[in-house]
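J.: Take a look at this one; I'll ask things after.
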Amino acid sequence: MKDDFPIFEVTRKLNKKNVKYFGPYFAGVSVYQILDIVNFAFGLKTCKTVFTAKKGLERACINYDMGLCTAPCIFKITKEEYKQRVLKAIEFLNGDTKEVEVLLKVKMEQASENLNFELAIKIREQLKALKRLKERYLTQFTHHENLDVIGLYNDGLNACVSVIIIRNGKMLGTENFNLLMQPDDTDILSQFLMQYYSFNRIATSKSLFVTPFTTTFSS
C-alpha cells in the first residue's frame, strides 16, 4: 500500500508488510476471475514494472491501447486518482459489489454498441463470476468481525473438523477435514490447530472460537 501505484495479485504467502490480504476464496469462486474483475473494472495496472509518480516510462504497454489500464506509467492518471481507484477496489473486495456490478454492465453495453462482441461476452462472464462471489457472502454480521469458528465432531474412532471463515463480517465459506484418530490422540483439536495455521494461514485478530463436542455410539 506504500507504493505509488499499488497492484493486486494472487499469493499464497502472508509475510509482507504494508500489504492488505483478501480471502480466502473457496470452491465455486475463482480468485483469478476476481482479480480480473478488479483490474478490468477500475483500470488498474497488472505489471510489476517499477516506476514512480515522478519518473515514468517512455511509452505504455498494449493494455493501455486495449483500454484495460489507465497507464499511470506515462501519467495518464495521477497518483491520487489511482489511489482512489485502489480504495474502491478494496471496498469491492470487502463485500461492496454494487458499484462494480454497475460499471461492468455499462462497459458491456458500450462493448455491444461498438460491436465488440468478444469483449461483451467476456464482461458477461465476469458478471456471472460476480454473482457467484455474492452468493458466497452467506451471512452478514452487524460488526466487521474477522473470525475462524472451529467445530469438532468425534465418535472415538474418527473425527471431523469444520472451519467457518468469516472476514469483514461476512461468512465466506467452510473447510472440512476428516481425521483418522490414533490411540494417543488425547488432544486432537490442539494438534489440528497447530497444523492448520502452519500452512501459510494467518490467525484472525479476534480470539479463536472453538466449539468441541464428542458423541459416543453404541451398537
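Labels for the C-alpha cells follow display order: chains A, B, ..., residues from 1 in each chain, ligands from 1.
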Any idea what's packed within 12 Å of Ala89 (chain A), counting only C-alpha atoms, ignoring anything in its chain fewer than 5 positions away? Could you give it as an mmCIF file with N, CA, C and O atoms, in the first residue's frame?

T.:
```cif
data_model
loop_
_atom_site.group_PDB
_atom_site.id
_atom_site.type_symbol
_atom_site.label_atom_id
_atom_site.label_comp_id
_atom_site.auth_asym_id
_atom_site.auth_seq_id
_atom_site.Cartn_x
_atom_site.Cartn_y
_atom_site.Cartn_z
ATOM 1 N N PRO A 6 -0.128 0.919 -6.399
ATOM 2 C CA PRO A 6 -0.242 -0.473 -5.920
ATOM 3 C C PRO A 6 -0.913 -1.374 -6.953
ATOM 4 O O PRO A 6 -1.691 -0.910 -7.797
ATOM 5 N N ILE A 7 -0.608 -2.662 -6.886
ATOM 6 C CA ILE A 7 -1.256 -3.651 -7.743
ATOM 7 C C ILE A 7 -1.871 -4.732 -6.866
ATOM 8 O O ILE A 7 -1.500 -4.903 -5.700
ATOM 9 N N PHE A 8 -2.824 -5.465 -7.444
ATOM 10 C CA PHE A 8 -3.434 -6.614 -6.782
ATOM 11 C C PHE A 8 -2.870 -7.869 -7.432
ATOM 12 O O PHE A 8 -2.730 -7.943 -8.659
ATOM 13 N N LYS A 20 -2.358 -5.504 2.146
ATOM 14 C CA LYS A 20 -3.693 -5.936 2.540
ATOM 15 C C LYS A 20 -3.982 -7.286 1.902
ATOM 16 O O LYS A 20 -3.634 -7.520 0.754
ATOM 17 N N PHE A 22 -6.968 -10.393 1.145
ATOM 18 C CA PHE A 22 -8.395 -10.661 0.987
ATOM 19 C C PHE A 22 -8.583 -12.151 0.737
ATOM 20 O O PHE A 22 -7.777 -12.781 0.067
ATOM 21 N N ILE A 34 -11.787 -13.098 -9.944
ATOM 22 C CA ILE A 34 -11.999 -11.938 -9.094
ATOM 23 C C ILE A 34 -10.931 -10.890 -9.364
ATOM 24 O O ILE A 34 -11.204 -9.689 -9.465
ATOM 25 N N LEU A 35 -9.688 -11.329 -9.507
ATOM 26 C CA LEU A 35 -8.588 -10.409 -9.811
ATOM 27 C C LEU A 35 -8.813 -9.735 -11.156
ATOM 28 O O LEU A 35 -8.578 -8.531 -11.313
ATOM 29 N N ASP A 36 -9.279 -10.496 -12.139
ATOM 30 C CA ASP A 36 -9.557 -9.951 -13.468
ATOM 31 C C ASP A 36 -10.653 -8.894 -13.404
ATOM 32 O O ASP A 36 -10.575 -7.852 -14.059
ATOM 33 N N ILE A 37 -11.678 -9.144 -12.598
ATOM 34 C CA ILE A 37 -12.765 -8.174 -12.436
ATOM 35 C C ILE A 37 -12.247 -6.887 -11.817
ATOM 36 O O ILE A 37 -12.569 -5.777 -12.270
ATOM 37 N N VAL A 38 -11.429 -7.003 -10.792
ATOM 38 C CA VAL A 38 -10.885 -5.827 -10.105
ATOM 39 C C VAL A 38 -10.086 -4.962 -11.074
ATOM 40 O O VAL A 38 -10.300 -3.740 -11.178
ATOM 41 N N ASN A 39 -9.160 -5.585 -11.788
ATOM 42 C CA ASN A 39 -8.299 -4.835 -12.693
ATOM 43 C C ASN A 39 -9.088 -4.224 -13.853
ATOM 44 O O ASN A 39 -8.839 -3.089 -14.263
ATOM 45 N N PHE A 40 -10.041 -4.986 -14.388
ATOM 46 C CA PHE A 40 -10.810 -4.510 -15.533
ATOM 47 C C PHE A 40 -11.762 -3.387 -15.149
ATOM 48 O O PHE A 40 -11.884 -2.381 -15.857
ATOM 49 N N ALA A 41 -12.447 -3.537 -14.026
ATOM 50 C CA ALA A 41 -13.444 -2.546 -13.614
ATOM 51 C C ALA A 41 -12.809 -1.206 -13.267
ATOM 52 O O ALA A 41 -13.379 -0.149 -13.569
ATOM 53 N N PHE A 42 -11.624 -1.237 -12.658
ATOM 54 C CA PHE A 42 -11.016 0.002 -12.188
ATOM 55 C C PHE A 42 -9.808 0.445 -13.009
ATOM 56 O O PHE A 42 -9.192 1.468 -12.702
ATOM 57 N N GLY A 43 -9.466 -0.305 -14.049
ATOM 58 C CA GLY A 43 -8.361 0.094 -14.915
ATOM 59 C C GLY A 43 -7.016 0.097 -14.222
ATOM 60 O O GLY A 43 -6.167 0.963 -14.482
ATOM 61 N N LEU A 44 -6.803 -0.865 -13.329
ATOM 62 C CA LEU A 44 -5.554 -0.913 -12.570
ATOM 63 C C LEU A 44 -4.455 -1.616 -13.357
ATOM 64 O O LEU A 44 -4.729 -2.470 -14.191
ATOM 65 N N TYR A 82 -5.319 7.403 -8.975
ATOM 66 C CA TYR A 82 -5.107 5.951 -8.994
ATOM 67 C C TYR A 82 -5.399 5.361 -7.622
ATOM 68 O O TYR A 82 -6.034 4.306 -7.506
ATOM 69 N N LYS A 83 -4.953 6.045 -6.567
ATOM 70 C CA LYS A 83 -5.187 5.556 -5.207
ATOM 71 C C LYS A 83 -6.677 5.483 -4.907
ATOM 72 O O LYS A 83 -7.133 4.581 -4.194
ATOM 73 N N GLN A 84 -7.457 6.425 -5.422
ATOM 74 C CA GLN A 84 -8.906 6.390 -5.214
ATOM 75 C C GLN A 84 -9.507 5.148 -5.859
ATOM 76 O O GLN A 84 -10.426 4.530 -5.311
ATOM 77 N N ASN A 94 -14.040 -6.106 -0.036
ATOM 78 C CA ASN A 94 -14.592 -6.215 1.317
ATOM 79 C C ASN A 94 -16.089 -6.502 1.309
ATOM 80 O O ASN A 94 -16.711 -6.590 2.357
ATOM 81 N N GLY A 95 -16.665 -6.637 0.100
ATOM 82 C CA GLY A 95 -18.059 -7.048 0.033
ATOM 83 C C GLY A 95 -19.012 -6.057 -0.602
ATOM 84 O O GLY A 95 -20.179 -6.385 -0.836
ATOM 85 N N ASP A 96 -18.564 -4.828 -0.898
ATOM 86 C CA ASP A 96 -19.442 -3.840 -1.526
ATOM 87 C C ASP A 96 -19.346 -3.999 -3.044
ATOM 88 O O ASP A 96 -18.488 -3.403 -3.698
ATOM 89 N N THR A 97 -20.231 -4.802 -3.617
ATOM 90 C CA THR A 97 -20.136 -5.173 -5.030
ATOM 91 C C THR A 97 -21.014 -4.319 -5.946
ATOM 92 O O THR A 97 -20.970 -4.481 -7.170
ATOM 93 N N LYS A 98 -21.819 -3.424 -5.397
ATOM 94 C CA LYS A 98 -22.811 -2.697 -6.193
ATOM 95 C C LYS A 98 -22.154 -1.859 -7.290
ATOM 96 O O LYS A 98 -22.569 -1.886 -8.454
ATOM 97 N N GLU A 99 -21.139 -1.078 -6.940
ATOM 98 C CA GLU A 99 -20.523 -0.182 -7.922
ATOM 99 C C GLU A 99 -19.864 -0.960 -9.049
ATOM 100 O O GLU A 99 -19.967 -0.578 -10.219
ATOM 101 N N VAL A 100 -19.196 -2.047 -8.710
ATOM 102 C CA VAL A 100 -18.530 -2.847 -9.741
ATOM 103 C C VAL A 100 -19.560 -3.462 -10.685
ATOM 104 O O VAL A 100 -19.351 -3.512 -11.907
ATOM 105 N N LEU A 103 -20.577 -0.783 -13.058
ATOM 106 C CA LEU A 103 -19.502 -0.498 -14.000
ATOM 107 C C LEU A 103 -19.418 -1.558 -15.091
ATOM 108 O O LEU A 103 -19.273 -1.236 -16.280
#
```

J.: List every residue of region 92-122 of chain A that DSSP, applied to the backbone of this structure, assigns to alpha helix (DSSP H), and report them as a list in words.

T.: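 Put together, the selection reads Phe92, Leu93, Lys98, Glu99, Val100, Glu101, Val102, Leu103, Leu104, Lys105, Val106, Lys107, Met108, Glu109, Gln110, Ala111, Ser112, Glu113, Phe117, Glu118, Leu119, Ala120, Ile121 and Lys122 of chain A.
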
J.: Please return, as JSON, numbers by chain, all residues of region 14-210 of chain A that DSSP assigns to strand (DSSP E or B) on the basis of the backbone.

T.: {"A": [140, 147, 148, 149, 150, 151, 152, 153, 154, 158, 159, 160, 161, 162, 163, 164, 165, 166, 167, 170, 171, 172, 173, 174, 175, 176, 177, 178, 179, 180, 209, 210]}

J.: Hey, which of A:Asp3, A:Glu81, A:Glu175, A:Glu109 ends up closest to Ile150 (chain A)? Count only C-alpha atoms.

T.: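 Of A:Asp3, A:Glu81, A:Glu175, A:Glu109, the one nearest Ile150 (chain A), counting only C-alpha atoms, is A:Glu175.
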
J.: If we count only C-alpha atoms and set the cut-off at 8 Å, which residues sit around Asn158 (chain A), ignoring sequence neighbours fewer than 6 positions away in its own chain? Please answer as a list in words.

T.: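 The neighbour list is Asn178, Leu179, Leu180 and Met181 of chain A.
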
J.: Would you kindly return, as a compact mmCIF listing (two decimals) with C-alpha atoms, in the first residue's frame, each protein, DNA or RNA residue with an atom no farther than 12 Å from any atom of Lys45 (chain A), considering only C-alpha atoms and excluding same-chain residues fewer than 6 positions away?

T.:
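Contents of the output file result.txt:
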```
# COMPACT_ATOMS: atom_id res chain seq x y z
CA ASP A 4 2.86 5.00 -5.65
CA PHE A 5 0.73 2.71 -7.83
CA PRO A 6 -0.24 -0.47 -5.92
CA ILE A 7 -1.26 -3.65 -7.74
CA PHE A 8 -3.43 -6.61 -6.78
CA GLU A 9 -2.01 -10.11 -7.17
CA LEU A 35 -8.59 -10.41 -9.81
CA ASP A 36 -9.56 -9.95 -13.47
CA VAL A 38 -10.89 -5.83 -10.11
CA ASN A 39 -8.30 -4.83 -12.69
CA PHE A 51 8.19 3.49 -11.79
CA ALA A 60 2.64 2.50 -22.18
CA CYS A 61 2.09 -1.20 -22.89
CA ILE A 62 -0.63 -2.69 -25.06
CA ASN A 63 -3.04 -2.87 -22.11
CA TYR A 64 -3.50 0.90 -22.34
CA GLY A 67 -8.50 0.11 -22.70
CA LEU A 68 -7.54 -2.30 -19.92
CA CYS A 69 -5.25 0.04 -17.97
CA THR A 70 -5.24 3.74 -17.10
CA ALA A 71 -1.48 3.93 -17.86
CA PRO A 72 -0.09 5.52 -14.71
CA CYS A 73 3.35 4.69 -16.16
CA ILE A 74 3.01 7.61 -18.62
CA LYS A 76 -2.42 9.32 -17.92
CA ILE A 77 -3.70 9.22 -14.34
CA TYR A 82 -5.11 5.95 -8.99
CA LYS A 83 -5.19 5.56 -5.21
CA ARG A 85 -9.46 3.54 -7.67
CA VAL A 86 -7.46 1.23 -5.42
```

J.: Select, from A:Lys107, A:Lys88, A:Leu115, A:Ile188, the residue with the minimum atom-to-atom distance to Leu157 (chain A), counting only C-alpha atoms.

T.: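 Result for the nearest residue to Leu157 (chain A): A:Ile188.
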
J.: What does the structure give for the distance between CA of Lys170 (chain A) and CA of Phe92 (chain A), in Å to one decimal?

T.: 12.9 Å
